[in-house]
$ cat work-v2.cif   # mmCIF, C-alpha atoms and all ligand atoms
data_upload
#
loop_
_atom_site.group_PDB
_atom_site.id
_atom_site.type_symbol
_atom_site.label_atom_id
_atom_site.label_comp_id
_atom_site.auth_asym_id
_atom_site.auth_seq_id
_atom_site.Cartn_x
_atom_site.Cartn_y
_atom_site.Cartn_z
ATOM 1 C CA MET A 3 134.195 -39.898 102.192
ATOM 2 C CA SER A 4 132.328 -42.531 100.174
ATOM 3 C CA THR A 5 130.883 -41.540 96.815
ATOM 4 C CA LEU A 6 127.492 -42.553 98.184
ATOM 5 C CA ASP A 7 127.626 -40.283 101.258
ATOM 6 C CA SER A 8 125.509 -37.617 99.645
ATOM 7 C CA LYS A 9 122.953 -39.921 97.949
ATOM 8 C CA VAL A 10 119.362 -40.543 99.002
ATOM 9 C CA VAL A 11 118.112 -43.848 97.604
ATOM 10 C CA ALA A 12 114.603 -45.359 97.800
ATOM 11 C CA VAL A 13 114.330 -49.141 97.365
ATOM 12 C CA THR A 14 111.110 -51.090 96.735
ATOM 13 C CA GLY A 15 110.921 -54.747 97.702
ATOM 14 C CA ALA A 16 113.421 -54.022 100.466
ATOM 15 C CA SER A 17 112.007 -56.556 102.919
ATOM 16 C CA SER A 18 113.998 -59.547 101.610
ATOM 17 C CA GLY A 19 116.470 -60.873 99.070
ATOM 18 C CA ILE A 20 118.077 -58.456 96.617
ATOM 19 C CA GLY A 21 116.240 -55.405 97.964
ATOM 20 C CA ALA A 22 117.341 -56.012 101.562
ATOM 21 C CA ALA A 23 120.931 -56.731 100.479
ATOM 22 C CA THR A 24 120.911 -53.544 98.378
ATOM 23 C CA ALA A 25 119.657 -51.477 101.293
ATOM 24 C CA LEU A 26 122.420 -52.827 103.536
ATOM 25 C CA GLU A 27 125.141 -52.336 100.911
ATOM 26 C CA LEU A 28 124.136 -48.776 100.030
ATOM 27 C CA ALA A 29 123.713 -47.764 103.684
ATOM 28 C CA ALA A 30 127.121 -49.238 104.527
ATOM 29 C CA ARG A 31 128.601 -47.100 101.738
ATOM 30 C CA GLY A 32 127.040 -43.987 103.258
ATOM 31 C CA ALA A 33 123.760 -43.530 101.364
ATOM 32 C CA ALA A 34 120.558 -42.578 103.180
ATOM 33 C CA VAL A 35 118.047 -45.287 102.310
ATOM 34 C CA VAL A 36 114.247 -45.152 102.263
ATOM 35 C CA LEU A 37 112.750 -48.621 102.261
ATOM 36 C CA GLY A 38 109.374 -49.820 101.008
ATOM 37 C CA ALA A 39 107.577 -53.197 100.978
ATOM 38 C CA ARG A 40 104.428 -54.735 102.447
ATOM 39 C CA ARG A 41 106.092 -56.705 105.287
ATOM 40 C CA THR A 42 106.763 -53.838 107.664
ATOM 41 C CA ASP A 43 108.077 -56.139 110.405
ATOM 42 C CA ARG A 44 110.962 -57.084 108.129
ATOM 43 C CA LEU A 45 111.531 -53.477 107.111
ATOM 44 C CA GLY A 46 111.570 -52.445 110.769
ATOM 45 C CA SER A 47 114.291 -54.970 111.593
ATOM 46 C CA LEU A 48 116.351 -53.820 108.624
ATOM 47 C CA VAL A 49 116.049 -50.141 109.551
ATOM 48 C CA ALA A 50 117.073 -50.966 113.138
ATOM 49 C CA ARG A 51 120.103 -52.906 111.891
ATOM 50 C CA ILE A 52 121.213 -50.133 109.525
ATOM 51 C CA ARG A 53 120.868 -47.493 112.249
ATOM 52 C CA ALA A 54 122.727 -49.707 114.769
ATOM 53 C CA GLU A 55 125.581 -49.874 112.265
ATOM 54 C CA GLY A 56 125.633 -46.060 112.022
ATOM 55 C CA GLY A 57 123.613 -45.737 108.815
ATOM 56 C CA ARG A 58 120.620 -43.608 107.869
ATOM 57 C CA ALA A 59 117.335 -45.367 107.035
ATOM 58 C CA GLU A 60 113.592 -44.720 106.979
ATOM 59 C CA MET A 61 110.747 -47.031 105.991
ATOM 60 C CA VAL A 62 107.145 -46.974 104.868
ATOM 61 C CA GLU A 63 104.625 -49.681 103.975
ATOM 62 C CA VAL A 64 104.445 -49.868 100.197
ATOM 63 C CA ASP A 65 102.336 -52.019 97.913
ATOM 64 C CA VAL A 66 103.715 -51.131 94.486
ATOM 65 C CA THR A 67 100.392 -51.953 92.851
ATOM 66 C CA GLU A 68 99.047 -48.821 94.566
ATOM 67 C CA ARG A 69 100.232 -45.616 92.903
ATOM 68 C CA ALA A 70 99.677 -43.598 96.094
ATOM 69 C CA ASP A 71 102.102 -45.856 97.997
ATOM 70 C CA LEU A 72 104.959 -44.960 95.620
ATOM 71 C CA GLU A 73 104.093 -41.304 96.076
ATOM 72 C CA ARG A 74 104.375 -41.782 99.847
ATOM 73 C CA LEU A 75 107.775 -43.483 99.445
ATOM 74 C CA VAL A 76 109.143 -40.637 97.339
ATOM 75 C CA ALA A 77 107.585 -38.019 99.646
ATOM 76 C CA LEU A 78 109.211 -39.645 102.684
ATOM 77 C CA ALA A 79 112.640 -39.337 101.091
ATOM 78 C CA VAL A 80 112.072 -35.684 100.225
ATOM 79 C CA GLU A 81 110.568 -34.804 103.618
ATOM 80 C CA HIS A 82 113.188 -36.613 105.649
ATOM 81 C CA PHE A 83 116.377 -36.223 103.632
ATOM 82 C CA GLY A 84 115.555 -33.204 101.457
ATOM 83 C CA ARG A 85 115.559 -34.965 98.087
ATOM 84 C CA LEU A 86 115.606 -38.298 96.244
ATOM 85 C CA ASP A 87 118.608 -39.154 94.075
ATOM 86 C CA VAL A 88 117.834 -42.749 93.081
ATOM 87 C CA LEU A 89 114.746 -44.960 92.911
ATOM 88 C CA VAL A 90 115.583 -48.680 92.862
ATOM 89 C CA SER A 91 112.408 -50.366 91.551
ATOM 90 C CA ASN A 92 113.149 -53.870 92.725
ATOM 91 C CA ALA A 93 109.847 -55.329 94.003
ATOM 92 C CA GLY A 94 108.900 -58.338 91.941
ATOM 93 C CA VAL A 95 107.031 -61.629 91.847
ATOM 94 C CA ALA A 96 107.601 -64.712 89.705
ATOM 95 C CA ARG A 97 105.057 -67.373 88.779
ATOM 96 C CA THR A 98 106.225 -70.059 86.405
ATOM 97 C CA ALA A 99 103.867 -72.251 84.381
ATOM 98 C CA PRO A 100 103.313 -73.159 80.738
ATOM 99 C CA MET A 101 101.052 -70.660 78.984
ATOM 100 C CA ALA A 102 98.599 -73.518 78.345
ATOM 101 C CA ASP A 103 97.879 -73.690 82.087
ATOM 102 C CA LEU A 104 96.151 -70.299 81.724
ATOM 103 C CA ASP A 105 97.325 -69.083 85.120
ATOM 104 C CA VAL A 106 95.653 -65.756 84.450
ATOM 105 C CA ASP A 107 95.774 -64.720 88.120
ATOM 106 C CA GLY A 108 99.526 -65.284 88.068
ATOM 107 C CA TRP A 109 99.870 -63.281 84.842
ATOM 108 C CA ASP A 110 97.899 -60.421 86.412
ATOM 109 C CA ALA A 111 100.023 -60.514 89.572
ATOM 110 C CA MET A 112 103.268 -60.268 87.580
ATOM 111 C CA ILE A 113 101.928 -57.459 85.391
ATOM 112 C CA ASP A 114 100.639 -55.562 88.434
ATOM 113 C CA VAL A 115 103.840 -55.820 90.500
ATOM 114 C CA ASN A 116 106.663 -56.150 87.963
ATOM 115 C CA LEU A 117 105.365 -53.733 85.335
ATOM 116 C CA ARG A 118 102.642 -51.501 86.771
ATOM 117 C CA GLY A 119 104.638 -51.205 89.999
ATOM 118 C CA VAL A 120 107.643 -49.819 88.109
ATOM 119 C CA LEU A 121 105.405 -47.380 86.211
ATOM 120 C CA HIS A 122 103.978 -46.166 89.513
ATOM 121 C CA GLY A 123 107.530 -45.505 90.699
ATOM 122 C CA ILE A 124 108.350 -43.574 87.536
ATOM 123 C CA ALA A 125 105.169 -41.512 87.925
ATOM 124 C CA ALA A 126 106.066 -40.670 91.521
ATOM 125 C CA ALA A 127 109.777 -39.923 91.078
ATOM 126 C CA LEU A 128 110.004 -38.355 87.612
ATOM 127 C CA PRO A 129 108.580 -34.935 88.610
ATOM 128 C CA VAL A 130 110.926 -34.862 91.618
ATOM 129 C CA PHE A 131 113.962 -35.791 89.497
ATOM 130 C CA ARG A 132 113.047 -33.155 86.896
ATOM 131 C CA GLY A 133 112.523 -30.544 89.639
ATOM 132 C CA GLN A 134 115.928 -31.317 91.146
ATOM 133 C CA GLY A 135 117.635 -31.399 87.763
ATOM 134 C CA ARG A 136 119.015 -34.845 88.617
ATOM 135 C CA GLY A 137 117.765 -38.394 89.206
ATOM 136 C CA HIS A 138 118.487 -42.062 88.577
ATOM 137 C CA PHE A 139 116.075 -44.939 87.904
ATOM 138 C CA VAL A 140 117.461 -48.411 88.650
ATOM 139 C CA THR A 141 115.376 -51.544 88.034
ATOM 140 C CA THR A 142 115.875 -55.223 88.734
ATOM 141 C CA VAL A 143 114.943 -56.998 85.522
ATOM 142 C CA SER A 144 116.187 -60.530 84.752
ATOM 143 C CA THR A 145 118.248 -62.833 82.565
ATOM 144 C CA SER A 146 114.858 -64.512 81.955
ATOM 145 C CA GLY A 147 114.206 -61.627 79.583
ATOM 146 C CA LEU A 148 117.481 -62.258 77.732
ATOM 147 C CA LYS A 149 117.271 -66.019 77.304
ATOM 148 C CA ILE A 150 113.631 -66.983 76.924
ATOM 149 C CA VAL A 151 112.688 -70.125 78.842
ATOM 150 C CA PRO A 152 109.360 -71.982 78.539
ATOM 151 C CA THR A 153 107.182 -71.524 81.671
ATOM 152 C CA GLN A 154 108.609 -68.016 82.216
ATOM 153 C CA ALA A 155 106.865 -66.264 79.322
ATOM 154 C CA VAL A 156 104.887 -63.680 81.275
ATOM 155 C CA TYR A 157 107.616 -63.110 83.866
ATOM 156 C CA ALA A 158 110.152 -62.519 81.078
ATOM 157 C CA GLY A 159 107.626 -60.358 79.238
ATOM 158 C CA THR A 160 107.187 -58.050 82.237
ATOM 159 C CA LYS A 161 110.944 -57.777 82.716
ATOM 160 C CA ASN A 162 111.567 -56.998 79.050
ATOM 161 C CA ALA A 163 108.762 -54.439 79.121
ATOM 162 C CA VAL A 164 110.532 -52.692 81.999
ATOM 163 C CA ARG A 165 113.851 -52.779 80.157
ATOM 164 C CA THR A 166 112.050 -51.106 77.227
ATOM 165 C CA LEU A 167 110.524 -48.453 79.483
ATOM 166 C CA LEU A 168 113.903 -47.457 80.855
ATOM 167 C CA GLU A 169 115.532 -47.329 77.439
ATOM 168 C CA ALA A 170 112.700 -45.135 76.152
ATOM 169 C CA LEU A 171 112.990 -42.910 79.201
ATOM 170 C CA ARG A 172 116.717 -42.623 78.566
ATOM 171 C CA GLN A 173 116.194 -41.612 74.950
ATOM 172 C CA GLU A 174 113.563 -39.052 75.961
ATOM 173 C CA SER A 175 115.941 -37.537 78.510
ATOM 174 C CA THR A 176 119.241 -36.810 76.830
ATOM 175 C CA ASP A 177 119.411 -33.406 78.539
ATOM 176 C CA GLY A 178 121.553 -35.026 81.232
ATOM 177 C CA VAL A 179 118.935 -34.929 84.006
ATOM 178 C CA LEU A 180 118.121 -38.642 84.156
ATOM 179 C CA ARG A 181 120.208 -41.791 84.356
ATOM 180 C CA THR A 182 118.606 -45.229 83.873
ATOM 181 C CA THR A 183 120.052 -48.630 84.770
ATOM 182 C CA SER A 184 118.532 -52.069 84.116
ATOM 183 C CA ILE A 185 120.172 -54.812 86.162
ATOM 184 C CA SER A 186 119.598 -58.396 84.983
ATOM 185 C CA PRO A 187 120.306 -60.963 87.687
ATOM 186 C CA GLY A 188 120.481 -64.665 86.897
ATOM 187 C CA TYR A 189 119.839 -67.213 89.665
ATOM 188 C CA VAL A 190 120.124 -65.435 93.019
ATOM 189 C CA ARG A 191 119.433 -67.197 96.332
ATOM 190 C CA THR A 192 116.289 -65.424 97.621
ATOM 191 C CA GLU A 193 112.688 -66.222 98.480
ATOM 192 C CA LEU A 194 111.479 -65.371 94.956
ATOM 193 C CA LEU A 195 110.734 -68.887 93.759
ATOM 194 C CA ASP A 196 109.339 -70.102 97.099
ATOM 195 C CA HIS A 197 106.028 -68.540 96.057
ATOM 196 C CA ILE A 198 105.529 -70.753 92.978
ATOM 197 C CA ASP A 199 102.215 -72.588 93.440
ATOM 198 C CA ASP A 200 102.946 -75.784 91.500
ATOM 199 C CA PRO A 201 104.904 -78.090 93.880
ATOM 200 C CA GLY A 202 106.860 -79.751 91.044
ATOM 201 C CA GLN A 203 107.928 -76.461 89.498
ATOM 202 C CA ARG A 204 108.723 -75.034 92.920
ATOM 203 C CA GLU A 205 110.970 -77.983 93.791
ATOM 204 C CA GLN A 206 112.748 -77.769 90.426
ATOM 205 C CA ALA A 207 113.321 -74.044 90.931
ATOM 206 C CA ARG A 208 114.611 -74.620 94.457
ATOM 207 C CA GLN A 209 117.086 -77.196 93.208
ATOM 208 C CA SER A 210 118.408 -74.825 90.528
ATOM 209 C CA MET A 211 118.659 -72.104 93.138
ATOM 210 C CA ALA A 212 120.459 -74.344 95.635
ATOM 211 C CA SER A 213 122.978 -75.680 93.127
ATOM 212 C CA LEU A 214 123.582 -72.482 91.133
ATOM 213 C CA GLY A 215 122.280 -69.431 92.965
ATOM 214 C CA ILE A 216 124.628 -66.618 93.938
ATOM 215 C CA SER A 217 124.311 -64.330 96.945
ATOM 216 C CA PRO A 218 122.033 -61.273 96.671
ATOM 217 C CA ASP A 219 125.085 -59.289 97.812
ATOM 218 C CA ALA A 220 126.482 -59.692 94.276
ATOM 219 C CA VAL A 221 123.524 -57.809 92.835
ATOM 220 C CA ALA A 222 123.686 -55.222 95.617
ATOM 221 C CA ARG A 223 127.315 -54.460 94.702
ATOM 222 C CA ALA A 224 126.270 -54.013 91.064
ATOM 223 C CA VAL A 225 123.559 -51.533 92.094
ATOM 224 C CA ALA A 226 126.112 -49.617 94.177
ATOM 225 C CA PHE A 227 128.537 -49.570 91.238
ATOM 226 C CA ALA A 228 125.905 -48.055 88.935
ATOM 227 C CA ILE A 229 124.872 -45.438 91.481
ATOM 228 C CA GLU A 230 128.352 -44.325 92.500
ATOM 229 C CA GLN A 231 129.417 -43.336 88.978
ATOM 230 C CA PRO A 232 129.875 -39.599 88.334
ATOM 231 C CA ASP A 233 126.694 -37.860 87.141
ATOM 232 C CA ASP A 234 127.887 -37.777 83.535
ATOM 233 C CA VAL A 235 128.401 -41.567 83.438
ATOM 234 C CA GLU A 236 125.425 -43.907 83.002
ATOM 235 C CA ILE A 237 125.668 -47.665 83.452
ATOM 236 C CA GLY A 238 122.787 -48.706 81.206
ATOM 237 C CA ASP A 239 122.608 -52.498 81.443
ATOM 238 C CA MET A 240 124.315 -55.017 83.668
ATOM 239 C CA THR A 241 124.010 -58.807 83.819
ATOM 240 C CA ILE A 242 124.978 -60.501 87.100
ATOM 241 C CA ARG A 243 124.661 -64.276 86.953
ATOM 242 C CA PRO A 244 126.292 -67.404 88.346
ATOM 243 C CA THR A 245 129.409 -68.280 86.373
ATOM 244 C CA ARG A 246 127.960 -71.755 85.715
ATOM 245 C CA GLN A 247 124.496 -70.578 84.588
ATOM 246 C CA GLY A 248 123.599 -71.645 81.056
HETATM 247 P P1 LIG A 301 112.274 -61.870 97.124
HETATM 248 O O1 LIG A 301 111.029 -62.680 97.018
HETATM 249 O O2 LIG A 301 113.220 -62.146 98.244
HETATM 250 O O3 LIG A 301 111.930 -60.314 97.170
HETATM 251 C C1 LIG A 301 110.845 -59.777 96.474
HETATM 252 C C2 LIG A 301 110.521 -58.434 97.111
HETATM 253 O O4 LIG A 301 109.432 -57.839 96.392
HETATM 254 C C3 LIG A 301 110.093 -58.568 98.561
HETATM 255 O O5 LIG A 301 110.752 -57.573 99.313
HETATM 256 C C4 LIG A 301 108.601 -58.304 98.521
HETATM 257 O O6 LIG A 301 108.196 -57.596 99.688
HETATM 258 C C5 LIG A 301 108.492 -57.359 97.327
HETATM 259 N N1 LIG A 301 107.155 -57.325 96.776
HETATM 260 C C6 LIG A 301 106.452 -58.313 96.174
HETATM 261 N N2 LIG A 301 105.227 -57.867 95.856
HETATM 262 C C7 LIG A 301 105.163 -56.569 96.270
HETATM 263 C C8 LIG A 301 104.169 -55.559 96.227
HETATM 264 N N3 LIG A 301 102.947 -55.778 95.705
HETATM 265 N N4 LIG A 301 104.444 -54.341 96.744
HETATM 266 C C9 LIG A 301 105.656 -54.101 97.284
HETATM 267 N N5 LIG A 301 106.652 -55.003 97.356
HETATM 268 C C10 LIG A 301 106.377 -56.217 96.852
HETATM 269 O O7 LIG A 301 112.989 -62.039 95.718
HETATM 270 P P2 LIG A 301 114.251 -61.317 95.026
HETATM 271 O O8 LIG A 301 115.019 -60.535 96.006
HETATM 272 O O9 LIG A 301 114.923 -62.363 94.242
HETATM 273 O O10 LIG A 301 113.517 -60.345 94.002
HETATM 274 C C11 LIG A 301 113.871 -58.985 93.827
HETATM 275 C C12 LIG A 301 113.778 -58.651 92.347
HETATM 276 O O11 LIG A 301 114.803 -59.338 91.639
HETATM 277 C C13 LIG A 301 112.464 -59.039 91.680
HETATM 278 O O12 LIG A 301 112.033 -58.011 90.818
HETATM 279 C C14 LIG A 301 112.834 -60.286 90.886
HETATM 280 O O13 LIG A 301 111.989 -60.461 89.790
HETATM 281 C C15 LIG A 301 114.242 -59.925 90.495
HETATM 282 N N6 LIG A 301 115.063 -61.073 90.082
HETATM 283 C C16 LIG A 301 115.371 -62.083 90.957
HETATM 284 C C17 LIG A 301 116.124 -63.167 90.547
HETATM 285 C C18 LIG A 301 116.470 -64.314 91.453
HETATM 286 O O14 LIG A 301 117.006 -65.313 90.978
HETATM 287 N N7 LIG A 301 116.214 -64.234 92.733
HETATM 288 C C19 LIG A 301 116.636 -63.249 89.177
HETATM 289 C C20 LIG A 301 116.296 -62.125 88.357
HETATM 290 C C21 LIG A 301 115.547 -61.081 88.804
HETATM 291 P P3 LIG A 301 106.826 -57.800 100.503
HETATM 292 O O15 LIG A 301 106.349 -59.198 100.257
HETATM 293 O O16 LIG A 301 107.226 -57.542 101.923
HETATM 294 O O17 LIG A 301 105.917 -56.735 99.958
#
$ encode --input "work-v2.cif" --output "structure tokens"
Amino acid sequence: MSTLDSKVVAVTGASSGIGAATALELAARGAAVVLGARRTDRLGSLVARIRAEGGRAEMVEVDVTERADLERLVALAVEHFGRLDVLVSNAGVARTAPMADLDVDGWDAMIDVNLRGVLHGIAAALPVFRGQGRGHFVTTVSTSGLKIVPTQAVYAGTKNAVRTLLEALRQESTDGVLRTTSISPGYVRTELLDHIDDPGQREQARQSMASLGISPDAVARAVAFAIEQPDDVEIGDMTIRPTRQG
């Protein structure tokens, strides 16, 4: 029996990249997964694949900027599988530009998804975790928050804010009920940087990704490692980056 056989894990941003790889990895290790994102066609294909491989998966349309959507994600886990053990708050967007460009819409988008979206997940799952006497928050932050790079100020700021939230939550919860894990990926080959508006910046990001980027499976294995520890062991922070990343 896998150590994940008894776990119920909800994943946001499960429609592509790290979230999709995490869903596949956890389901293959026996976890029941509950998947949320806006692109339900992608989620549907992933659920079908997991079930075809003998896994357990459910899905619901989730826009993390909407608090009610996170409540529906958590409720689906509880209704369908009886509880929620882990919330992987992974949904994220990245816009890169110098601050002087005043890309205020981009700043707002990153704050809404990367920061407010994680808070909405905490608000939805925390009462359930407390009621169960057990729960685990996992977030996908970034090496951008560890080594500050020009053009990534707001992105890095949102990721460091989330790291702070989880550390505060940890310190407020030393009764053993909650575990918190912040995972900091470096360059990972996903669609994340395809959404950068500026063509020059997008091309530069794509080149870095192509030459350096590691598979999202590497991050998925790190998430699984954190989750499968015994309840009295918390993996607080992990950095997963290409060996050649500066
Ligand atoms: P992708 O672009 O492949 O995945 C991003 C995911 O976030 C998608 O599933 C997308 O789903 C979801 N998402 C975006 N906005 C929303 C929203 N409003 N509501 C719900 N879901 C949303 O990129 P990655 O897999 O790389 O990104 C996953 C996480 O990893 C992000 O938090 C990112 O910041 C972080 N990260 C990535 C790194 C990398 O190099 N790739 C490095 C460090 C951190 P949909 O559009 O269907 O809603």
$ residues_around --input "work-v2.cif" --residues "A:Val179" --least-positions-apart "3" --cutoff "8 Å" --atoms "all atoms listed in the file" --output "number ranges by chain"
A: 131-132, 135-137, 175-176
$ residues_near_ligand --input "work-v2.cif" --ligand "ligand LIG 301 (chain A)" --cutoff "8 Å" --atoms "only C-alpha atoms and all ligand atoms" --output "compact mmCIF listing (two decimals) with C-alpha atoms, keeping the file's coordinate frame"
# COMPACT_ATOMS: atom_id res chain seq x y z
CA THR A 14 111.11 -51.09 96.74
CA GLY A 15 110.92 -54.75 97.70
CA ALA A 16 113.42 -54.02 100.47
CA SER A 17 112.01 -56.56 102.92
CA SER A 18 114.00 -59.55 101.61
CA GLY A 19 116.47 -60.87 99.07
CA ILE A 20 118.08 -58.46 96.62
CA GLY A 21 116.24 -55.40 97.96
CA ALA A 22 117.34 -56.01 101.56
CA GLY A 38 109.37 -49.82 101.01
CA ALA A 39 107.58 -53.20 100.98
CA ARG A 40 104.43 -54.74 102.45
CA ARG A 41 106.09 -56.70 105.29
CA THR A 42 106.76 -53.84 107.66
CA ARG A 44 110.96 -57.08 108.13
CA LEU A 45 111.53 -53.48 107.11
CA VAL A 64 104.44 -49.87 100.20
CA ASP A 65 102.34 -52.02 97.91
CA VAL A 66 103.72 -51.13 94.49
CA THR A 67 100.39 -51.95 92.85
CA SER A 91 112.41 -50.37 91.55
CA ASN A 92 113.15 -53.87 92.72
CA ALA A 93 109.85 -55.33 94.00
CA GLY A 94 108.90 -58.34 91.94
CA VAL A 95 107.03 -61.63 91.85
CA ALA A 96 107.60 -64.71 89.70
CA ASP A 114 100.64 -55.56 88.43
CA VAL A 115 103.84 -55.82 90.50
CA ASN A 116 106.66 -56.15 87.96
CA GLY A 119 104.64 -51.20 90.00
CA THR A 141 115.38 -51.54 88.03
CA THR A 142 115.88 -55.22 88.73
CA VAL A 143 114.94 -57.00 85.52
CA SER A 144 116.19 -60.53 84.75
CA THR A 145 118.25 -62.83 82.56
CA SER A 146 114.86 -64.51 81.96
CA TYR A 157 107.62 -63.11 83.87
CA LYS A 161 110.94 -57.78 82.72
CA SER A 186 119.60 -58.40 84.98
CA PRO A 187 120.31 -60.96 87.69
CA GLY A 188 120.48 -64.67 86.90
CA TYR A 189 119.84 -67.21 89.66
CA VAL A 190 120.12 -65.44 93.02
CA ARG A 191 119.43 -67.20 96.33
CA THR A 192 116.29 -65.42 97.62
CA GLU A 193 112.69 -66.22 98.48
CA LEU A 194 111.48 -65.37 94.96
CA LEU A 195 110.73 -68.89 93.76
CA ASP A 196 109.34 -70.10 97.10
CA HIS A 197 106.03 -68.54 96.06
CA MET A 211 118.66 -72.10 93.14
CA GLY A 215 122.28 -69.43 92.96
CA PRO A 218 122.03 -61.27 96.67
$ resolve_selection --input "work-v2.cif" --expression "the PyMOL selection byres (((chain A and resi 80-86) around 8) and not hetatm)" --output "VMD selection string"
chain A and resid 9 to 12 34 76 to 79 87 to 89 127 130 to 131 134 137
$ closest_residue --input "work-v2.cif" --among "A:Ala163, A:Ala50, A:Val36, A:Ala158" --to "A:Val62" --atoms "only C-alpha atoms"
A:Val36
$ atom_distance --input "work-v2.cif" --atom1 "atom CA of A:Pro100" --atom2 "atom CA of A:Ile216"
25.9 Å
$ resolve_selection --input "work-v2.cif" --expression "the PyMOL selection byres (((chain A and resi 236) around 10) and not hetatm)" --output "PDB file with C-alpha atoms, in the frame of the given file"
ATOM      1  CA  HIS A 138     118.487 -42.062  88.577  1.00  0.00           C
ATOM      2  CA  ARG A 172     116.717 -42.623  78.566  1.00  0.00           C
ATOM      3  CA  GLY A 178     121.553 -35.026  81.232  1.00  0.00           C
ATOM      4  CA  LEU A 180     118.121 -38.642  84.156  1.00  0.00           C
ATOM      5  CA  ARG A 181     120.208 -41.791  84.356  1.00  0.00           C
ATOM      6  CA  THR A 182     118.606 -45.229  83.873  1.00  0.00           C
ATOM      7  CA  THR A 183     120.052 -48.630  84.770  1.00  0.00           C
ATOM      8  CA  ALA A 228     125.905 -48.055  88.935  1.00  0.00           C
ATOM      9  CA  ILE A 229     124.872 -45.438  91.481  1.00  0.00           C
ATOM     10  CA  GLU A 230     128.352 -44.325  92.500  1.00  0.00           C
ATOM     11  CA  GLN A 231     129.417 -43.336  88.978  1.00  0.00           C
ATOM     12  CA  PRO A 232     129.875 -39.599  88.334  1.00  0.00           C
ATOM     13  CA  ASP A 233     126.694 -37.860  87.141  1.00  0.00           C
ATOM     14  CA  ASP A 234     127.887 -37.777  83.535  1.00  0.00           C
ATOM     15  CA  VAL A 235     128.401 -41.567  83.438  1.00  0.00           C
ATOM     16  CA  ILE A 237     125.668 -47.665  83.452  1.00  0.00           C
ATOM     17  CA  GLY A 238     122.787 -48.706  81.206  1.00  0.00           C
ATOM     18  CA  ASP A 239     122.608 -52.498  81.443  1.00  0.00           C
TER      19      ASP A 239
END
$ residues_around --input "work-v2.cif" --residues "A:Gly57" --least-positions-apart "5" --cutoff "9 Å" --atoms "all atoms listed in the file" --output "tab-separated table (two decimals) with C-alpha atoms, in the coordinates of the input"
chain	number	residue	atom	x	y	z
A	26	LEU	CA	122.42	-52.83	103.54
A	29	ALA	CA	123.71	-47.76	103.68
A	30	ALA	CA	127.12	-49.24	104.53
A	31	ARG	CA	128.60	-47.10	101.74
A	32	GLY	CA	127.04	-43.99	103.26
A	33	ALA	CA	123.76	-43.53	101.36
A	34	ALA	CA	120.56	-42.58	103.18
A	35	VAL	CA	118.05	-45.29	102.31
A	49	VAL	CA	116.05	-50.14	109.55
A	51	ARG	CA	120.10	-52.91	111.89
A	52	ILE	CA	121.21	-50.13	109.52
$ atom_distance --input "work-v2.cif" --atom1 "atom CA of A:Thr98" --atom2 "atom CA of A:Ile185"
20.7 Å
$ residues_around --input "work-v2.cif" --residues "A:Arg246" --least-positions-apart "3" --cutoff "10 Å" --atoms "only C-alpha atoms" --output "PyMOL selection string"
chain A and resi 213-215+243
$ residues_near_point --input "work-v2.cif" --point "(101.8, -67.3, 74.0)" --cutoff "9 Å" --atoms "all atoms listed in the file" --output "tab-separated table (two decimals) with C-alpha atoms, in the frame of the given file"
chain	number	residue	atom	x	y	z
A	101	MET	CA	101.05	-70.66	78.98
A	102	ALA	CA	98.60	-73.52	78.34
A	155	ALA	CA	106.86	-66.26	79.32
A	156	VAL	CA	104.89	-63.68	81.28
$ closest_residue --input "work-v2.cif" --among "A:Pro244, A:Trp109, A:Asn162, A:Leu171" --to "A:Lys149" --atoms "all atoms listed in the file"
A:Asn162
$ atom_distance --input "work-v2.cif" --atom1 "atom CA of A:Gly202" --atom2 "atom CA of A:Ala23"
28.6 Å
$ axis_aligned_box --input "work-v2.cif" --around "stretch 72-90 of chain A" --padding-each-side "3 Å" --output "AutoDock Vina command-line options"
--center_x 111.4 --center_y -40.9 --center_z 99.3 --size_x 20.5 --size_y 21.5 --size_z 18.8
$ closest_residue --input "work-v2.cif" --among "A:Ala99, A:Glu55, A:Ser184, A:Ala126" --to "A:Phe139" --atoms "all atoms listed in the file"
A:Ser184
